[in-house]
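Novice: Input structure: structure04.tsv, which contains TSV, C-alpha atoms.
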chain	number	residue	atom	x	y	z
A	1	MET	CA	8.29	-3.40	1.67
A	2	ASN	CA	9.09	-4.67	-1.82
A	3	TYR	CA	5.86	-3.25	-3.25
A	4	ILE	CA	4.63	-2.91	-6.81
A	5	GLY	CA	4.37	0.77	-7.69
A	6	SER	CA	6.16	1.99	-4.58
A	7	LYS	CA	7.30	5.59	-5.00
A	8	TYR	CA	10.07	5.39	-2.39
A	9	SER	CA	12.82	5.78	-4.99
A	10	LEU	CA	10.92	8.60	-6.71
A	11	LEU	CA	10.22	10.73	-3.64
A	12	ASP	CA	12.77	13.42	-4.50
A	13	PHE	CA	11.39	13.67	-8.04
A	14	LEU	CA	7.82	13.92	-6.74
A	15	LYS	CA	8.58	16.50	-4.05
A	16	THR	CA	10.64	18.69	-6.38
A	17	SER	CA	8.05	18.54	-9.17
A	18	ILE	CA	5.12	19.27	-6.86
A	19	SER	CA	6.95	22.22	-5.30
A	20	ASP	CA	7.86	23.60	-8.73
A	21	VAL	CA	4.19	23.59	-9.77
A	22	THR	CA	2.50	24.66	-6.54
A	23	GLY	CA	5.20	26.71	-4.83
A	24	TYR	CA	4.81	24.50	-1.74
A	25	ARG	CA	7.65	24.60	0.77
A	26	PRO	CA	8.17	22.38	3.85
A	27	GLY	CA	6.44	23.81	6.89
A	28	GLU	CA	3.40	25.13	5.06
A	29	GLN	CA	0.28	23.51	6.51
A	30	LEU	CA	-1.56	22.49	3.38
A	31	VAL	CA	-4.02	19.61	3.04
A	32	PHE	CA	-2.40	16.83	1.00
A	33	GLY	CA	-4.48	13.94	-0.33
A	34	ASP	CA	-2.82	10.54	-0.89
A	35	LEU	CA	-5.87	8.51	-1.83
A	36	PHE	CA	-4.23	5.46	-3.46
A	37	ALA	CA	-1.90	5.27	-0.47
A	38	GLY	CA	-0.41	1.77	-0.82
A	39	THR	CA	2.40	1.69	1.75
A	40	SER	CA	1.90	5.43	2.45
A	41	VAL	CA	5.46	6.47	1.64
A	42	VAL	CA	4.29	9.61	-0.19
A	43	GLY	CA	1.74	10.61	2.44
A	44	ALA	CA	4.28	10.04	5.22
A	45	ALA	CA	6.80	12.27	3.44
A	46	TYR	CA	4.28	15.11	3.25
A	47	ARG	CA	3.27	14.60	6.86
A	48	GLU	CA	6.90	15.11	7.81
A	49	MET	CA	6.98	18.24	5.66
A	50	GLY	CA	4.10	19.82	7.62
A	51	CYS	CA	0.94	18.92	5.69
A	52	HIS	CA	-2.29	17.56	7.06
A	53	VAL	CA	-2.48	14.31	5.10
A	54	ILE	CA	-5.67	12.57	4.05
A	55	ALA	CA	-4.79	8.97	3.18
A	56	ASN	CA	-6.92	6.17	1.78
A	57	ASP	CA	-6.54	2.65	0.44
A	58	ILE	CA	-9.13	0.08	-0.60
A	59	GLN	CA	-6.91	-2.77	0.63
A	60	TYR	CA	-7.13	-3.28	4.38
A	61	TYR	CA	-3.40	-3.88	4.82
A	62	GLY	CA	-2.83	-0.50	3.12
A	63	TYR	CA	-5.30	1.07	5.54
A	64	VAL	CA	-3.40	-0.48	8.47
A	65	LEU	CA	-0.08	0.88	7.24
A	66	ALA	CA	-1.63	4.33	6.80
A	67	LYS	CA	-3.23	4.26	10.26
A	68	HIS	CA	0.26	4.02	11.69
A	69	ARG	CA	2.24	6.22	9.29
A	70	ILE	CA	-0.33	9.00	8.96
A	71	GLU	CA	-2.11	9.02	12.33
A	72	ASN	CA	0.23	7.68	15.03
A	73	SER	CA	2.34	10.11	17.07
A	74	GLN	CA	3.41	8.14	20.14
A	75	PRO	CA	7.07	7.35	20.90
A	76	LEU	CA	8.52	3.88	20.41
A	77	ASP	CA	7.78	1.39	23.18
A	78	ARG	CA	10.69	-1.04	23.39
A	79	GLU	CA	9.06	-3.07	26.17
A	80	PHE	CA	6.03	-3.71	23.95
A	81	LEU	CA	8.32	-4.92	21.15
A	82	GLU	CA	10.24	-7.24	23.45
A	83	ARG	CA	7.03	-8.75	24.81
A	84	LEU	CA	5.67	-9.55	21.33
A	85	ASN	CA	8.97	-11.03	20.18
A	86	SER	CA	9.21	-13.26	23.25
A	87	ILE	CA	5.83	-15.01	23.03
A	88	ASP	CA	5.63	-18.65	21.91
A	89	GLY	CA	4.22	-19.53	18.52
A	90	GLU	CA	0.66	-20.80	18.01
A	91	GLU	CA	-0.82	-22.99	15.28
A	92	GLY	CA	-3.37	-20.45	14.08
A	93	PHE	CA	-4.79	-19.46	10.69
A	94	VAL	CA	-1.53	-18.40	9.06
A	95	TYR	CA	0.24	-21.63	10.05
A	96	GLN	CA	-2.72	-23.77	8.99
A	97	HIS	CA	-3.23	-22.16	5.58
A	98	PHE	CA	0.05	-20.60	4.47
A	99	CYS	CA	2.69	-22.99	5.83
A	100	ARG	CA	3.51	-26.47	4.60
A	101	GLY	CA	3.36	-28.00	8.07
A	102	GLY	CA	-0.25	-26.86	8.49
A	103	GLY	CA	-1.40	-29.31	5.84
A	104	SER	CA	-2.49	-26.82	3.17
A	105	GLY	CA	0.43	-27.59	0.88
A	106	ARG	CA	1.19	-23.87	0.67
A	107	ASN	CA	4.70	-22.67	1.35
A	108	TYR	CA	4.48	-18.89	1.86
A	109	PHE	CA	6.30	-18.99	5.21
A	110	THR	CA	8.30	-21.45	7.26
A	111	ASP	CA	6.29	-23.27	9.90
A	112	GLU	CA	8.17	-21.43	12.64
A	113	ASN	CA	7.44	-18.01	11.17
A	114	GLY	CA	3.79	-18.86	10.54
A	115	ARG	CA	3.29	-19.90	14.15
A	116	LYS	CA	5.06	-16.78	15.42
A	117	CYS	CA	2.92	-14.59	13.19
A	118	ASP	CA	-0.25	-16.19	14.56
A	119	ALA	CA	0.87	-15.67	18.15
A	120	ILE	CA	1.67	-11.99	17.63
A	121	ARG	CA	-1.52	-11.37	15.64
A	122	LEU	CA	-3.67	-13.00	18.31
A	123	GLU	CA	-1.89	-11.09	21.07
A	124	LEU	CA	-2.60	-7.79	19.33
A	125	GLU	CA	-6.29	-8.65	18.93
A	126	LYS	CA	-6.58	-9.80	22.52
A	127	GLY	CA	-4.82	-6.69	23.80
A	128	LEU	CA	-7.17	-4.35	21.93
A	129	LYS	CA	-10.36	-6.19	22.93
A	130	ARG	CA	-9.36	-6.34	26.60
A	131	GLY	CA	-8.26	-2.73	26.74
A	132	LEU	CA	-4.63	-3.64	27.40
A	133	ILE	CA	-3.46	-1.56	24.42
A	134	ASP	CA	-5.05	1.42	22.68
A	135	GLU	CA	-5.94	1.65	19.00
A	136	SER	CA	-2.74	3.50	18.11
A	137	THR	CA	-0.59	0.75	19.62
A	138	TYR	CA	-2.72	-1.90	17.92
A	139	PHE	CA	-2.25	-0.44	14.44
A	140	TRP	CA	1.41	0.26	15.13
A	141	GLY	CA	1.99	-3.38	16.04
A	142	LEU	CA	-0.14	-4.71	13.17
A	143	ALA	CA	1.54	-2.48	10.56
A	144	SER	CA	4.91	-3.63	11.88
A	145	LEU	CA	3.84	-7.29	11.69
A	146	ILE	CA	2.72	-6.89	8.05
A	147	ASN	CA	6.05	-5.29	7.17
A	148	SER	CA	8.08	-7.89	9.09
A	149	MET	CA	6.22	-10.85	7.58
A	150	ASP	CA	6.83	-9.47	4.11
A	151	GLN	CA	10.58	-9.62	4.83
A	152	VAL	CA	10.40	-13.40	5.42
A	153	ALA	CA	7.86	-14.33	2.74
A	154	ASN	CA	8.83	-17.26	0.52
A	155	THR	CA	7.75	-15.60	-2.71
A	156	ALA	CA	9.23	-13.82	-5.71
A	157	SER	CA	8.14	-10.52	-4.12
A	158	VAL	CA	4.38	-10.77	-4.68
A	159	TYR	CA	1.92	-13.36	-3.37
A	160	GLY	CA	0.53	-14.63	-6.65
A	161	ALA	CA	2.49	-17.82	-5.95
A	162	PHE	CA	4.87	-19.31	-3.39
A	163	LEU	CA	8.23	-20.92	-4.05
A	164	LYS	CA	8.65	-24.69	-3.78
A	165	LYS	CA	11.83	-24.43	-1.71
A	166	ILE	CA	12.43	-22.04	1.15
A	167	LYS	CA	14.72	-19.27	-0.10
A	168	LYS	CA	17.47	-17.80	2.07
A	169	THR	CA	15.63	-14.70	3.30
A	170	ALA	CA	12.44	-16.66	4.03
A	171	GLY	CA	14.39	-19.11	6.19
A	172	LYS	CA	15.38	-16.43	8.67
A	173	PRO	CA	13.39	-16.37	11.94
A	174	LEU	CA	10.68	-13.73	12.12
A	175	VAL	CA	11.76	-10.77	14.24
A	176	LEU	CA	9.10	-8.10	14.71
A	177	GLU	CA	10.68	-4.74	13.99
A	178	LEU	CA	8.52	-1.77	14.89
A	179	LEU	CA	8.06	0.75	12.12
A	180	PRO	CA	9.25	4.23	13.06
A	181	VAL	CA	6.76	6.89	14.09
A	182	VAL	CA	6.44	9.63	11.47
A	183	SER	CA	6.72	13.14	12.85
A	184	GLY	CA	4.15	15.77	11.97
A	185	GLU	CA	0.49	16.61	12.41
A	186	LYS	CA	-1.88	13.70	12.83
A	187	GLY	CA	-3.65	13.05	9.54
A	188	THR	CA	-6.91	11.35	8.58
A	189	VAL	CA	-7.13	7.83	7.17
A	190	PHE	CA	-9.93	6.12	5.23
A	191	HIS	CA	-10.62	2.62	3.88
A	192	GLN	CA	-13.01	3.32	1.03
A	193	ASP	CA	-13.54	3.20	-2.71
A	194	ILE	CA	-11.77	6.36	-3.85
A	195	ASN	CA	-14.57	7.43	-6.21
A	196	ARG	CA	-16.99	7.51	-3.28
A	197	LEU	CA	-14.55	9.15	-0.89
A	198	ILE	CA	-13.59	11.94	-3.30
A	199	ARG	CA	-17.04	13.48	-2.89
A	200	ASP	CA	-16.51	13.91	0.86
A	201	VAL	CA	-12.97	15.33	1.10
A	202	GLU	CA	-11.20	18.46	-0.12
A	203	GLY	CA	-7.81	20.09	0.12
A	204	ASP	CA	-4.91	21.78	-1.62
A	205	ILE	CA	-2.86	19.06	-3.33
A	206	LEU	CA	-4.21	15.70	-4.50
A	207	TYR	CA	-1.69	13.00	-5.39
A	208	LEU	CA	-3.00	9.98	-7.30
A	209	ASP	CA	-1.07	6.75	-7.81
A	210	PRO	CA	-3.63	4.25	-9.13
A	211	PRO	CA	-2.88	0.74	-10.40
A	212	TYR	CA	-1.40	0.93	-13.90
A	213	ASN	CA	-2.33	-2.47	-15.29
A	214	ALA	CA	-4.71	-5.42	-14.98
A	215	ARG	CA	-2.90	-7.04	-12.03
A	216	GLN	CA	-5.16	-6.66	-9.01
A	217	TYR	CA	-3.51	-5.77	-5.70
A	218	CYS	CA	-6.11	-7.90	-3.91
A	219	SER	CA	-4.55	-10.94	-5.62
A	220	ASN	CA	-0.92	-9.87	-5.51
A	221	TYR	CA	-1.03	-9.21	-1.77
A	222	HIS	CA	-3.87	-11.44	-0.59
A	223	VAL	CA	-1.75	-13.08	2.14
A	224	LEU	CA	-0.97	-9.71	3.73
A	225	GLU	CA	-4.68	-8.85	3.52
A	226	THR	CA	-5.53	-12.02	5.44
A	227	ILE	CA	-2.88	-11.33	8.09
A	228	ALA	CA	-4.20	-7.78	8.46
A	229	LYS	CA	-7.86	-8.75	8.74
A	230	TYR	CA	-7.34	-12.13	10.41
A	231	ASP	CA	-10.96	-12.84	9.55
A	232	HIS	CA	-10.56	-16.57	8.80
A	233	PRO	CA	-11.82	-16.32	5.20
A	234	LYS	CA	-12.65	-19.28	3.02
A	235	LEU	CA	-9.61	-19.60	0.79
A	236	ARG	CA	-9.64	-21.03	-2.71
A	237	GLY	CA	-7.17	-22.66	-5.02
A	238	LYS	CA	-3.58	-23.69	-4.74
A	239	THR	CA	-2.46	-20.19	-3.75
A	240	GLY	CA	-5.16	-19.60	-1.11
A	241	LEU	CA	-6.86	-16.57	-2.63
A	242	ARG	CA	-9.60	-14.72	-0.82
A	243	ASP	CA	-13.00	-14.02	-2.44
A	244	LYS	CA	-12.13	-13.10	-6.03
A	245	ASN	CA	-14.47	-10.10	-6.01
A	246	GLU	CA	-13.20	-8.61	-2.78
A	247	ASN	CA	-11.68	-5.13	-3.16
A	248	LYS	CA	-11.25	-5.39	-6.91
A	249	SER	CA	-10.24	-2.08	-8.43
A	250	ARG	CA	-11.96	-0.68	-11.51
A	251	TYR	CA	-8.65	1.02	-12.29
A	252	CYS	CA	-7.31	-2.42	-13.27
A	253	SER	CA	-9.85	-2.83	-16.07
A	254	LYS	CA	-9.32	-1.48	-19.58
A	255	ARG	CA	-13.09	-1.32	-19.95
A	256	SER	CA	-13.73	0.94	-16.95
A	257	VAL	CA	-10.52	2.80	-16.14
A	258	GLU	CA	-11.08	5.94	-18.24
A	259	GLN	CA	-14.64	6.34	-17.00
A	260	VAL	CA	-13.78	6.03	-13.30
A	261	PHE	CA	-10.70	8.21	-13.71
A	262	GLU	CA	-12.71	11.05	-15.24
A	263	ASP	CA	-15.36	10.70	-12.53
A	264	LEU	CA	-12.59	11.03	-9.94
A	265	ILE	CA	-11.09	14.16	-11.52
A	266	ALA	CA	-14.48	15.78	-12.08
A	267	ASN	CA	-15.43	15.42	-8.42
A	268	ALA	CA	-12.05	16.24	-6.86
A	269	ARG	CA	-12.18	19.43	-4.78
A	270	PHE	CA	-8.43	20.07	-4.68
A	271	GLU	CA	-6.62	23.03	-6.20
A	272	TYR	CA	-3.82	20.93	-7.71
A	273	ILE	CA	-4.04	17.35	-8.96
A	274	PHE	CA	-1.01	15.16	-9.71
A	275	LEU	CA	-1.16	11.71	-11.29
A	276	SER	CA	1.66	9.17	-11.36
A	277	TYR	CA	1.37	6.80	-14.31
A	278	ASN	CA	3.83	5.03	-16.58
A	279	ASN	CA	4.09	4.48	-20.30
A	280	GLU	CA	2.83	0.88	-20.08
A	281	GLY	CA	-0.43	1.59	-18.23
A	282	LEU	CA	-3.99	0.78	-19.29
A	283	MET	CA	-4.66	4.46	-19.99
A	284	GLY	CA	-2.65	5.94	-22.84
A	285	LEU	CA	-0.94	9.30	-22.65
A	286	ASP	CA	-3.44	10.91	-25.01
A	287	ALA	CA	-6.43	9.71	-22.98
A	288	ILE	CA	-4.96	11.03	-19.74
A	289	ARG	CA	-4.15	14.39	-21.32
A	290	GLU	CA	-7.61	14.67	-22.81
A	291	ILE	CA	-9.39	13.94	-19.53
A	292	LEU	CA	-7.22	16.17	-17.36
A	293	SER	CA	-7.34	19.06	-19.84
A	294	LYS	CA	-11.12	19.27	-19.39
A	295	TYR	CA	-10.64	20.28	-15.76
A	296	GLY	CA	-7.47	22.38	-15.71
A	297	GLU	CA	-4.35	23.53	-17.54
A	298	TYR	CA	-2.41	20.35	-18.25
A	299	ASP	CA	1.30	19.55	-18.25
A	300	CYS	CA	3.57	16.71	-17.12
A	301	PHE	CA	7.03	15.76	-15.93
A	302	THR	CA	8.81	12.55	-16.92
A	303	ARG	CA	11.44	10.41	-15.28
A	304	GLU	CA	13.20	7.18	-16.26
A	305	TYR	CA	12.26	4.60	-13.67
A	306	LYS	CA	13.61	1.15	-12.85
A	307	ARG	CA	10.91	-1.43	-13.42
A	308	PHE	CA	9.59	-3.45	-10.46
A	309	GLN	CA	11.10	-6.92	-10.64
A	310	ALA	CA	10.73	-10.14	-8.73
A	311	ASP	CA	13.65	-11.38	-6.66
A	312	THR	CA	16.84	-11.69	-8.70
A	313	GLU	CA	17.50	-14.82	-6.69
A	314	GLU	CA	14.75	-16.48	-8.72
A	315	ASN	CA	16.30	-15.36	-12.04
A	316	ARG	CA	13.10	-14.00	-13.52
A	317	ARG	CA	13.89	-12.00	-16.63
A	318	ILE	CA	11.75	-9.49	-18.50
A	319	ALA	CA	12.26	-7.57	-21.71
A	320	ALA	CA	13.23	-4.13	-20.36
A	321	ASP	CA	14.70	-2.95	-17.08
A	322	GLY	CA	13.07	0.47	-17.09
A	323	THR	CA	9.90	2.40	-17.88
A	324	ILE	CA	9.04	6.06	-18.19
A	325	GLU	CA	7.19	7.48	-15.20
A	326	TYR	CA	4.89	10.38	-15.99
A	327	LEU	CA	3.77	12.88	-13.36
A	328	HIS	CA	0.73	14.50	-14.97
A	329	PHE	CA	-0.73	17.58	-13.31
A	330	ILE	CA	-3.34	20.31	-13.54
A	331	LYS	CA	-4.36	23.33	-11.55
A	332	LYS	CA	-8.09	22.79	-11.49
A	333	PHE	CA	-10.38	25.36	-13.14
If you convert what's in this file into structure tokens, what do you get?

Specialist:
Amino acid sequence: MNYIGSKYSLLDFLKTSISDVTGYRPGEQLVFGDLFAGTSVVGAAYREMGCHVIANDIQYYGYVLAKHRIENSQPLDREFLERLNSIDGEEGFVYQHFCRGGGSGRNYFTDENGRKCDAIRLELEKGLKRGLIDESTYFWGLASLINSMDQVANTASVYGAFLKKIKKTAGKPLVLELLPVVSGEKGTVFHQDINRLIRDVEGDILYLDPPYNARQYCSNYHVLETIAKYDHPKLRGKTGLRDKNENKSRYCSKRSVEQVFEDLIANARFEYIFLSYNNEGLMGLDAIREILSKYGEYDCFTREYKRFQADTEENRRIAADGTIEYLHFIKKF
């Protein structure tokens, strides 16, 4: 997925840095916490390396992706994929509210892809409720649907707005592609506020990748949240946002971020804590250093990092192409 803050391109940097600090080597069965999981690329990497991963995300679509990448262990089922891809489209919630033909005026997906999404989503729900598929297969299919729909979304990468005309990638027919199964020990996945969860979990290495700025993920990815939940919410405005207070993160507020961050660190029962943050975040370098230094011996690594950008096809330009990514860390007292 083209996801704000994704650490896919930084995985080697993260793994090398964490090993340098902790001495961890692949195959060692440590407990690794990835509690702002997002698309779970970091947690999945450590699952493959032999860790028991504890993953969490406050967004439900993030929880769905983690349920597959961190907990599923079954082999791929090609027959299941073929059956979902062969069903006829239905004029369900996605078509009615996120496609132009549904009458909403929104243009997030083509009518054909919206109808196909509805049909697959309803089939997954029906299969789980009737006992035709188990929970693992359900989350596998749903995570794959979220990922596949993101590939044909008619947006400039996030869902804060849709494009007036259907762009080339969005015009392609939806083809459900099953996400691969990640090898390794089955982990544990939560869907909670991290500051509440931190009091109930413990382990060896805690990796934190919170939001850096005021842009809420619940707004940037609200369409994926609705596909994941399929709860027929009351949508508002031209872009079809969900309830504006749903799943808002206090880490996106300048007023609250330092307070909730210190609460998180103070209550974390992990030997090592690592924090990914960049030089343009709401918390300044000095504030992060000051907070972390209260709870352990502080240091950090840095890496030049290509800034997340909207589709180049839409010609959106911003001042600088890159930022500095900091990996702050402590060994807790």

Novice: As a list of chain:residue names, please: the residues near A:Ile18 (cut-off 9 Å, only C-alpha atoms, same-chain neighbours under 6 positions excluded).

Specialist: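 Residues near the query, excluding close chain neighbours: A:Tyr24, A:Ile205, A:Phe274, A:Phe329.
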
Novice: Under the rule that only C-alpha atoms are counted, which of A:Gly127, A:Ser276, A:Leu197, A:Glu90 is the nearest residue to A:Asp111?

Specialist: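 Nearest candidate to A:Asp111 out of A:Gly127, A:Ser276, A:Leu197, A:Glu90: A:Glu90.
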
Novice: Produce the centre coordinates and the three edge lengths, each in Å to one decimal, of the box along x, y and z that contains all listed atoms of stretch 93-108 of chain A with 6 Å added on each side, as JSON.

Specialist:
{"center_x": 0.0, "center_y": -23.9, "center_z": 5.7, "size_x": 21.5, "size_y": 22.9, "size_z": 22.0}

Novice: For A:Phe270, find every residue with an atom within 8 Å (counting all atoms listed in the file), except residues of its own chain fewer than 4 positions away, and show them as a PyMOL selection string.

Specialist: chain A and resi 202-206+332

Novice: Would you please work out which residue, of A:Lys186, A:His68, A:Arg236, A:Arg215, is nearest to A:Arg250 when using all atoms listed in the file?

Specialist: A:Arg215

Novice: Determine the nearest neighbour of A:Gly160 from the options A:Asn220, A:Ser183, A:Gln192, A:Asn147, counting only C-alpha atoms.

Specialist: A:Asn220

Novice: Taking only C-alpha atoms into account, name the residue in A:Glu280, A:Asp77, A:Glu271, A:Glu304 that is nearest to A:Leu30.

Specialist: A:Glu271

Novice: For stretch 223-234 of chain A, list every protein, DNA or RNA residue within 10 Å, evaluated using only C-alpha atoms, and leave out those in the same chain fewer than 6 positions away; present the list as an NGL selection string.

Specialist: :A and (59-65 or 92-94 or 97-98 or 108 or 117-118 or 121-122 or 125 or 139 or 142-143 or 145-147 or 149-150 or 153 or 158-160 or 217 or 240-243)
